[in-house]
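Chemist: What follows is start_39.cif; its format and atoms are mmCIF, C-alpha atoms and all ligand atoms.
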data_coords
#
loop_
_atom_site.label_atom_id
_atom_site.label_comp_id
_atom_site.auth_asym_id
_atom_site.auth_seq_id
_atom_site.Cartn_x
_atom_site.Cartn_y
_atom_site.Cartn_z
CA MET A 33 10.09 -10.43 -11.06
CA ARG A 34 7.40 -11.55 -8.66
CA LEU A 35 3.83 -12.24 -9.77
CA LEU A 36 0.60 -12.94 -7.92
CA LEU A 37 -1.93 -15.20 -9.64
CA ILE A 38 -5.48 -15.29 -8.23
CA GLU A 39 -7.63 -17.90 -9.94
CA ASP A 40 -10.14 -20.33 -8.42
CA ASP A 41 -10.11 -22.88 -11.26
CA ASP A 42 -7.63 -25.48 -9.96
CA LEU A 43 -6.47 -26.74 -13.34
CA LEU A 44 -6.03 -23.26 -14.84
CA ARG A 45 -4.24 -21.95 -11.73
CA THR A 46 -1.83 -24.88 -11.60
CA THR A 47 -1.09 -24.79 -15.33
CA LEU A 48 -0.65 -21.00 -15.47
CA ALA A 49 1.59 -20.95 -12.40
CA ALA A 50 3.83 -23.64 -13.91
CA ASP A 51 3.98 -21.84 -17.28
CA LEU A 52 4.77 -18.49 -15.63
CA GLU A 53 7.52 -20.07 -13.53
CA ARG A 54 8.98 -21.63 -16.66
CA ALA A 55 8.92 -18.14 -18.21
CA GLY A 56 11.19 -16.98 -15.39
CA PHE A 57 8.83 -15.47 -12.80
CA ALA A 58 8.49 -16.10 -9.09
CA VAL A 59 4.78 -16.87 -8.70
CA ASP A 60 2.54 -16.80 -5.62
CA VAL A 61 -0.97 -18.19 -6.02
CA ALA A 62 -4.34 -17.75 -4.34
CA ALA A 63 -7.54 -19.70 -5.03
CA ASP A 64 -10.03 -17.22 -3.55
CA GLY A 65 -10.53 -13.46 -3.40
CA GLU A 66 -9.98 -13.05 0.33
CA THR A 67 -6.59 -14.78 0.36
CA GLY A 68 -5.57 -12.97 -2.83
CA GLU A 69 -6.60 -9.58 -1.49
CA PHE A 70 -4.54 -10.16 1.66
CA LEU A 71 -1.44 -11.23 -0.29
CA GLY A 72 -1.65 -8.30 -2.72
CA ALA A 73 -2.07 -5.82 0.12
CA THR A 74 0.78 -7.14 2.28
CA GLU A 75 3.42 -8.34 -0.21
CA HIS A 76 4.97 -6.46 -3.11
CA TYR A 77 4.23 -7.86 -6.58
CA ASP A 78 5.56 -6.54 -9.87
CA ALA A 79 2.31 -7.60 -11.56
CA VAL A 80 -0.93 -9.41 -10.69
CA VAL A 81 -3.13 -11.70 -12.76
CA LEU A 82 -6.63 -11.51 -11.26
CA ASP A 83 -9.65 -13.60 -12.18
CA LEU A 84 -12.88 -11.66 -11.67
CA GLY A 85 -15.19 -14.58 -10.80
CA LEU A 86 -13.82 -15.67 -7.43
CA PRO A 87 -15.25 -17.30 -4.27
CA ARG A 88 -15.34 -15.40 -0.95
CA LEU A 89 -14.57 -11.99 -2.49
CA PRO A 90 -15.23 -11.01 -6.13
CA GLY A 91 -12.20 -9.90 -8.16
CA ILE A 92 -13.69 -6.41 -8.66
CA ASP A 93 -13.87 -5.92 -4.87
CA VAL A 94 -10.30 -7.18 -4.48
CA LEU A 95 -9.12 -4.61 -7.00
CA GLN A 96 -11.13 -1.73 -5.51
CA ARG A 97 -9.78 -2.45 -2.02
CA TRP A 98 -6.19 -2.52 -3.29
CA ARG A 99 -6.54 0.74 -5.19
CA ALA A 100 -8.25 2.44 -2.23
CA ALA A 101 -5.36 1.28 -0.04
CA GLY A 102 -2.77 2.64 -2.50
CA VAL A 103 -1.51 -0.70 -3.88
CA THR A 104 0.28 0.23 -7.12
CA SER A 105 0.98 -3.23 -8.61
CA PRO A 106 -0.20 -3.33 -12.22
CA VAL A 107 -3.16 -5.72 -12.60
CA ILE A 108 -4.40 -7.69 -15.58
CA VAL A 109 -7.92 -9.06 -15.09
CA LEU A 110 -9.19 -12.31 -16.58
CA THR A 111 -12.79 -11.93 -17.75
CA ALA A 112 -15.40 -14.28 -19.17
CA ARG A 113 -15.46 -14.27 -22.95
CA ASP A 114 -17.69 -11.63 -24.58
CA GLN A 115 -18.49 -10.04 -21.22
CA TRP A 116 -17.73 -6.47 -22.27
CA HIS A 117 -19.27 -5.03 -19.10
CA GLU A 118 -16.82 -7.08 -16.99
CA ARG A 119 -13.95 -5.53 -18.90
CA VAL A 120 -15.35 -2.01 -18.35
CA GLU A 121 -15.95 -2.69 -14.63
CA GLY A 122 -12.43 -4.06 -14.30
CA LEU A 123 -10.82 -1.03 -15.92
CA LYS A 124 -12.93 1.37 -13.85
CA ALA A 125 -11.97 -0.47 -10.67
CA GLY A 126 -8.28 0.09 -11.43
CA ALA A 127 -7.16 -2.69 -13.78
CA ASP A 128 -4.37 -1.89 -16.24
CA ASP A 129 -5.34 -4.49 -18.83
CA TYR A 130 -7.72 -7.40 -19.38
CA LEU A 131 -7.78 -10.72 -21.18
CA GLY A 132 -10.92 -12.71 -22.11
CA LYS A 133 -11.07 -16.44 -21.40
CA PRO A 134 -10.06 -18.67 -23.05
CA PHE A 135 -6.71 -17.21 -24.05
CA HIS A 136 -3.34 -18.39 -25.28
CA PHE A 137 -0.59 -18.33 -22.67
CA GLU A 138 1.66 -16.42 -25.08
CA GLU A 139 -0.81 -13.52 -25.13
CA LEU A 140 -0.99 -13.37 -21.33
CA LEU A 141 2.82 -13.45 -21.19
CA ALA A 142 3.14 -10.63 -23.75
CA ARG A 143 0.63 -8.47 -21.84
CA ILE A 144 2.38 -9.10 -18.51
CA GLN A 145 5.68 -8.06 -20.11
CA VAL A 146 4.13 -4.79 -21.36
CA LEU A 147 2.85 -4.02 -17.84
CA LEU A 148 6.25 -4.79 -16.31
CA ARG A 149 7.96 -2.39 -18.71
CA ARG A 150 5.52 0.36 -17.73
CA GLY A 151 6.20 -0.05 -14.00
CA PRO A 152 3.70 0.84 -11.25
CA SER A 153 0.03 0.96 -12.23
CA HIS A 154 -1.21 3.91 -14.25
CA ALA A 155 -4.74 3.15 -13.12
CA MET A 156 -4.35 4.71 -9.69
CA PRO A 157 -6.53 7.70 -8.75
CA LEU A 158 -4.75 10.99 -9.43
CA ARG A 159 -3.50 12.22 -6.06
CA CYS A 160 -0.89 14.86 -5.29
CA GLY A 161 -0.37 18.01 -3.29
CA GLY A 162 -3.11 16.99 -0.83
CA VAL A 163 -5.65 16.83 -3.68
CA GLU A 164 -7.31 13.69 -5.05
CA LEU A 165 -9.23 13.83 -8.30
CA ASP A 166 -12.40 11.71 -8.43
CA GLU A 167 -12.83 11.10 -12.17
CA ARG A 168 -16.26 9.51 -11.86
CA LYS A 169 -17.85 12.27 -9.79
CA GLN A 170 -15.71 15.04 -11.35
CA CYS A 171 -14.83 16.49 -7.99
CA ALA A 172 -11.68 17.12 -5.97
CA ILE A 173 -11.10 15.82 -2.44
CA VAL A 174 -8.88 18.25 -0.56
CA ASP A 175 -6.77 17.04 2.39
CA GLY A 176 -8.82 13.85 2.51
CA THR A 177 -11.83 15.63 4.02
CA ARG A 178 -13.30 18.46 1.94
CA THR A 179 -15.06 17.68 -1.36
CA GLU A 180 -15.10 20.42 -4.01
CA ILE A 181 -17.50 20.01 -6.93
CA LEU A 182 -15.81 21.05 -10.19
CA THR A 183 -17.36 22.42 -13.37
CA ALA A 184 -16.48 20.55 -16.57
CA LEU A 185 -13.75 23.06 -17.46
CA GLU A 186 -12.31 23.19 -13.95
CA PHE A 187 -12.16 19.38 -13.94
CA ARG A 188 -10.35 19.20 -17.28
CA LEU A 189 -7.93 21.91 -16.26
CA LEU A 190 -7.12 20.29 -12.91
CA ARG A 191 -6.60 16.92 -14.60
CA CYS A 192 -4.10 18.53 -17.02
CA PHE A 193 -2.22 20.05 -14.09
CA MET A 194 -2.17 16.84 -12.05
CA LEU A 195 -1.02 14.68 -14.97
CA ARG A 196 1.85 17.11 -15.61
CA ARG A 197 2.70 18.20 -12.10
CA GLY A 198 5.95 20.08 -11.76
CA GLU A 199 6.01 21.09 -15.46
CA VAL A 200 5.62 24.64 -16.73
CA LEU A 201 2.39 24.72 -18.77
CA SER A 202 1.69 27.71 -21.00
CA ARG A 203 -1.79 29.25 -21.23
CA SER A 204 -2.08 28.31 -24.90
CA TRP A 205 -1.06 24.68 -24.21
CA LEU A 206 -3.62 24.47 -21.42
CA ALA A 207 -6.31 26.08 -23.58
CA SER A 208 -5.79 23.61 -26.42
CA HIS A 209 -5.90 20.65 -24.01
CA VAL A 210 -8.90 21.87 -22.07
CA TYR A 211 -11.02 22.93 -25.03
CA GLY A 212 -9.82 20.52 -27.75
CA LEU A 213 -8.05 21.32 -30.98
CA ASP A 214 -11.12 22.37 -32.97
CA ALA A 215 -12.04 25.18 -30.65
CA ASP A 216 -10.35 28.55 -30.95
CA PRO A 217 -10.02 29.36 -27.29
CA ASP A 218 -9.08 32.65 -25.74
CA SER A 219 -6.14 31.62 -23.58
CA ASN A 220 -6.82 34.53 -21.21
CA VAL A 221 -9.85 32.59 -20.00
CA ILE A 222 -7.43 30.03 -18.54
CA GLU A 223 -6.36 32.64 -15.98
CA VAL A 224 -9.96 32.92 -14.79
CA TYR A 225 -10.24 29.16 -14.34
CA VAL A 226 -6.85 28.91 -12.64
CA ASN A 227 -8.06 31.45 -10.10
CA ARG A 228 -11.27 29.50 -9.53
CA LEU A 229 -9.21 26.36 -8.86
CA ARG A 230 -7.01 28.31 -6.45
CA ASN A 231 -10.09 29.48 -4.57
CA LYS A 232 -11.33 25.91 -4.26
CA LEU A 233 -8.06 24.06 -3.62
CA GLY A 234 -5.75 26.58 -1.97
CA ARG A 235 -3.76 29.56 -3.21
CA ASP A 236 -0.31 27.95 -3.36
CA LEU A 237 -1.02 24.80 -5.34
CA ILE A 238 -0.84 26.42 -8.78
CA ARG A 239 2.04 28.88 -9.14
CA THR A 240 2.30 31.57 -11.81
CA ARG A 241 5.54 31.73 -13.82
CA ARG A 242 5.52 35.19 -15.31
CA GLY A 243 5.75 35.09 -19.11
CA GLN A 244 5.78 31.27 -19.12
CA GLY A 245 2.57 29.92 -17.66
CA TYR A 246 1.70 27.88 -14.58
CA VAL A 247 3.17 25.07 -12.51
CA PHE A 248 1.11 22.67 -10.40
CA ASP A 249 3.20 22.01 -7.32
CA GLY A 250 2.31 18.52 -6.18
CA ALA A 251 5.42 17.94 -4.12
CA SER A 252 3.77 18.53 -0.76
CA CA B 301 -13.32 -18.01 -11.73
#
Using structure tokens, write down the structure that the file contains.
Modeler:
Amino acid sequence: MRLLLIEDDDLLRTTLAADLERAGFAVDVAADGETGEFLGATEHYDAVVLDLGLPRLPGIDVLQRWRAAGVTSPVIVLTARDQWHERVEGLKAGADDYLGKPFHFEELLARIQVLLRRGPSHAMPLRCGGVELDERKQCAIVDGTRTEILTALEFRLLRCFMLRRGEVLSRSWLASHVYGLDADPDSNVIEVYVNRLRNKLGRDLIRTRRGQGYVFDGAS
């Protein structure tokens, strides 16, 4: 397993790299954001440990550039202690986990192992079938060019479809996931919203399976 460690503190970087190598990983290191960003974008790493406070390019920018470029390596960010907003920014920018400084090496190791078991990052933007879902703006980008604003229900419905692409989803399953369990939704309304999504995204993306429900076809 190959790791990338981006940390500008010389002592911490050297110590962590040695500990990670002893734990059985191949470790590449970078001491600034620019070098780290280049390595992460051009080499394949099974996981990345990324400090957020970095010279030349902040860790948040490194992460955003990777995610925009489709880099799927899972990333754990190192944040200053008690800086909750750094943790939120890191997760929003596409981090899979975070760890506040100072930390015990054993905790970092355990978190890296969890990420490695999960495989490629789950923090990537949802993108399939020529549609990308922008969670922050609650809109869909179609074929990389056209932006479709979604209502709250359309957004929730599309997210359900994209997270479970290729699966047959019944109207009642969709209704309970779009409205929440407390509501008593009329599952016929789902048909109305499916048709609205078809009008916005294209007719063929969501297929009807008679008597079963719908399938979001994200293969193309
Ligand atoms: Ca730092």
Chemist: Can you list, as a PyMOL selection string, every protein, DNA or RNA residue that comes within 8 Å of His154 in chain A when you count all atoms listed in the file, leaving out same-chain residues fewer than 2 positions away?
Modeler: chain A and resi 106+128+152+156
Chemist: Would you mind telling me which residue in A:Leu237, A:Val174, A:Ala142, A:Leu43 lies nearest to ligand CA 301 (chain B) when using all atoms listed in the file?
Modeler: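 Closest to ligand CA 301 (chain B), using all atoms listed in the file: A:Leu43.
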Chemist: Which residues are close to range 69-85 of chain A, i.e. within 8 Å by only C-alpha atoms, leaving aside same-chain residues fewer than 2 positions away? Reply as number ranges by chain.
Modeler: A: 33-40, 65-67, 87, 90-92, 94-95, 97-98, 101, 103, 105-111, 144, 147-148, 151-152
Chemist: Can you measure CA of Asp249 in chain A to CA of Val163 in chain A for me? One decimal in Å is fine.
Modeler: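 Rounded to one decimal, the two atoms are 10.9 Å apart.
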Chemist: Please compute the CA of Ser202 in chain A-CA of Gly243 in chain A distance, one decimal, in Å.
Modeler: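 If I compute the distance from CA of Ser202 in chain A to CA of Gly243 in chain A, I get 8.6 Å.
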Chemist: Taking only C-alpha atoms and all ligand atoms into account, which of A:Arg88, A:His117, A:Arg143, A:Arg241 comes nearest ligand CA 301 (chain B)?
Modeler: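 When distances to ligand CA 301 (chain B) are compared using only C-alpha atoms and all ligand atoms, the smallest one comes from A:Arg88.
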Chemist: Quick check, in Å to one decimal: how far apart do CA of Gly126 in chain A and CA of Gln96 in chain A lie?
Modeler: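 Calculated distance between CA of Gly126 in chain A and CA of Gln96 in chain A is 6.8 Å.
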Chemist: For range 225-238 of chain A, take all atoms listed in the file, fit an axis-aligned box around them, add 6 Å to each of the six sides, then output centre and edge lengths in Å rounded to one decimal, as AutoDock Vina command-line options.
Modeler:
--center_x -5.8 --center_y 27.8 --center_z -8.2 --size_x 23.0 --size_y 19.4 --size_z 24.4
Chemist: Of the candidates A:Lys133, A:Ala100, A:Gln170, A:Thr47, which one gets nearest to Gln115 in chain A if we count all atoms listed in the file?
Modeler: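 Closest to Gln115 in chain A, using all atoms listed in the file: A:Lys133.
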Chemist: From the list A:Glu199, A:Glu180, A:Asp64, A:Asp218, which residue is nearest ligand CA 301 (chain B) when using only C-alpha atoms and all ligand atoms?
Modeler: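 Going through A:Glu199, A:Glu180, A:Asp64, A:Asp218 one by one, the smallest distance to ligand CA 301 (chain B) is for A:Asp64.
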Chemist: Using all atoms listed in the file and a cutoff of 12 Å, can you tell me which residues are near (-5.4, 17.4, 4.2) in the file's coordinates, and write them out as a short mmCIF file (atom, residue, chain, number, x, y, z; two decimals) with C-alpha atoms, in the coordinates of the input?
Modeler:
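What follows is the written file out26.cif:
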data_model
loop_
_atom_site.label_atom_id
_atom_site.label_comp_id
_atom_site.auth_asym_id
_atom_site.auth_seq_id
_atom_site.Cartn_x
_atom_site.Cartn_y
_atom_site.Cartn_z
CA ARG A 159 -3.50 12.22 -6.06
CA CYS A 160 -0.89 14.86 -5.29
CA GLY A 161 -0.37 18.01 -3.29
CA GLY A 162 -3.11 16.99 -0.83
CA VAL A 163 -5.65 16.83 -3.68
CA GLU A 164 -7.31 13.69 -5.05
CA ALA A 172 -11.68 17.12 -5.97
CA ILE A 173 -11.10 15.82 -2.44
CA VAL A 174 -8.88 18.25 -0.56
CA ASP A 175 -6.77 17.04 2.39
CA GLY A 176 -8.82 13.85 2.51
CA THR A 177 -11.83 15.63 4.02
CA ARG A 178 -13.30 18.46 1.94
CA THR A 179 -15.06 17.68 -1.36
CA LEU A 233 -8.06 24.06 -3.62
CA GLY A 234 -5.75 26.58 -1.97
CA SER A 252 3.77 18.53 -0.76
#
Chemist: Given all atoms listed in the file as the basis, pick out the residue of A:Ala63, A:Ala58, A:Leu86, A:Leu52 nearest to ligand CA 301 (chain B).
Modeler: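 Closest residue, counting all atoms listed in the file: A:Leu86.
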Chemist: Using all atoms listed in the file, pick whichever of A:Phe137, A:Trp116, A:Tyr246, A:Tyr211 has the shortest atom-to-atom distance to Ala55 in chain A.
Modeler: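 Closest candidate: A:Phe137.
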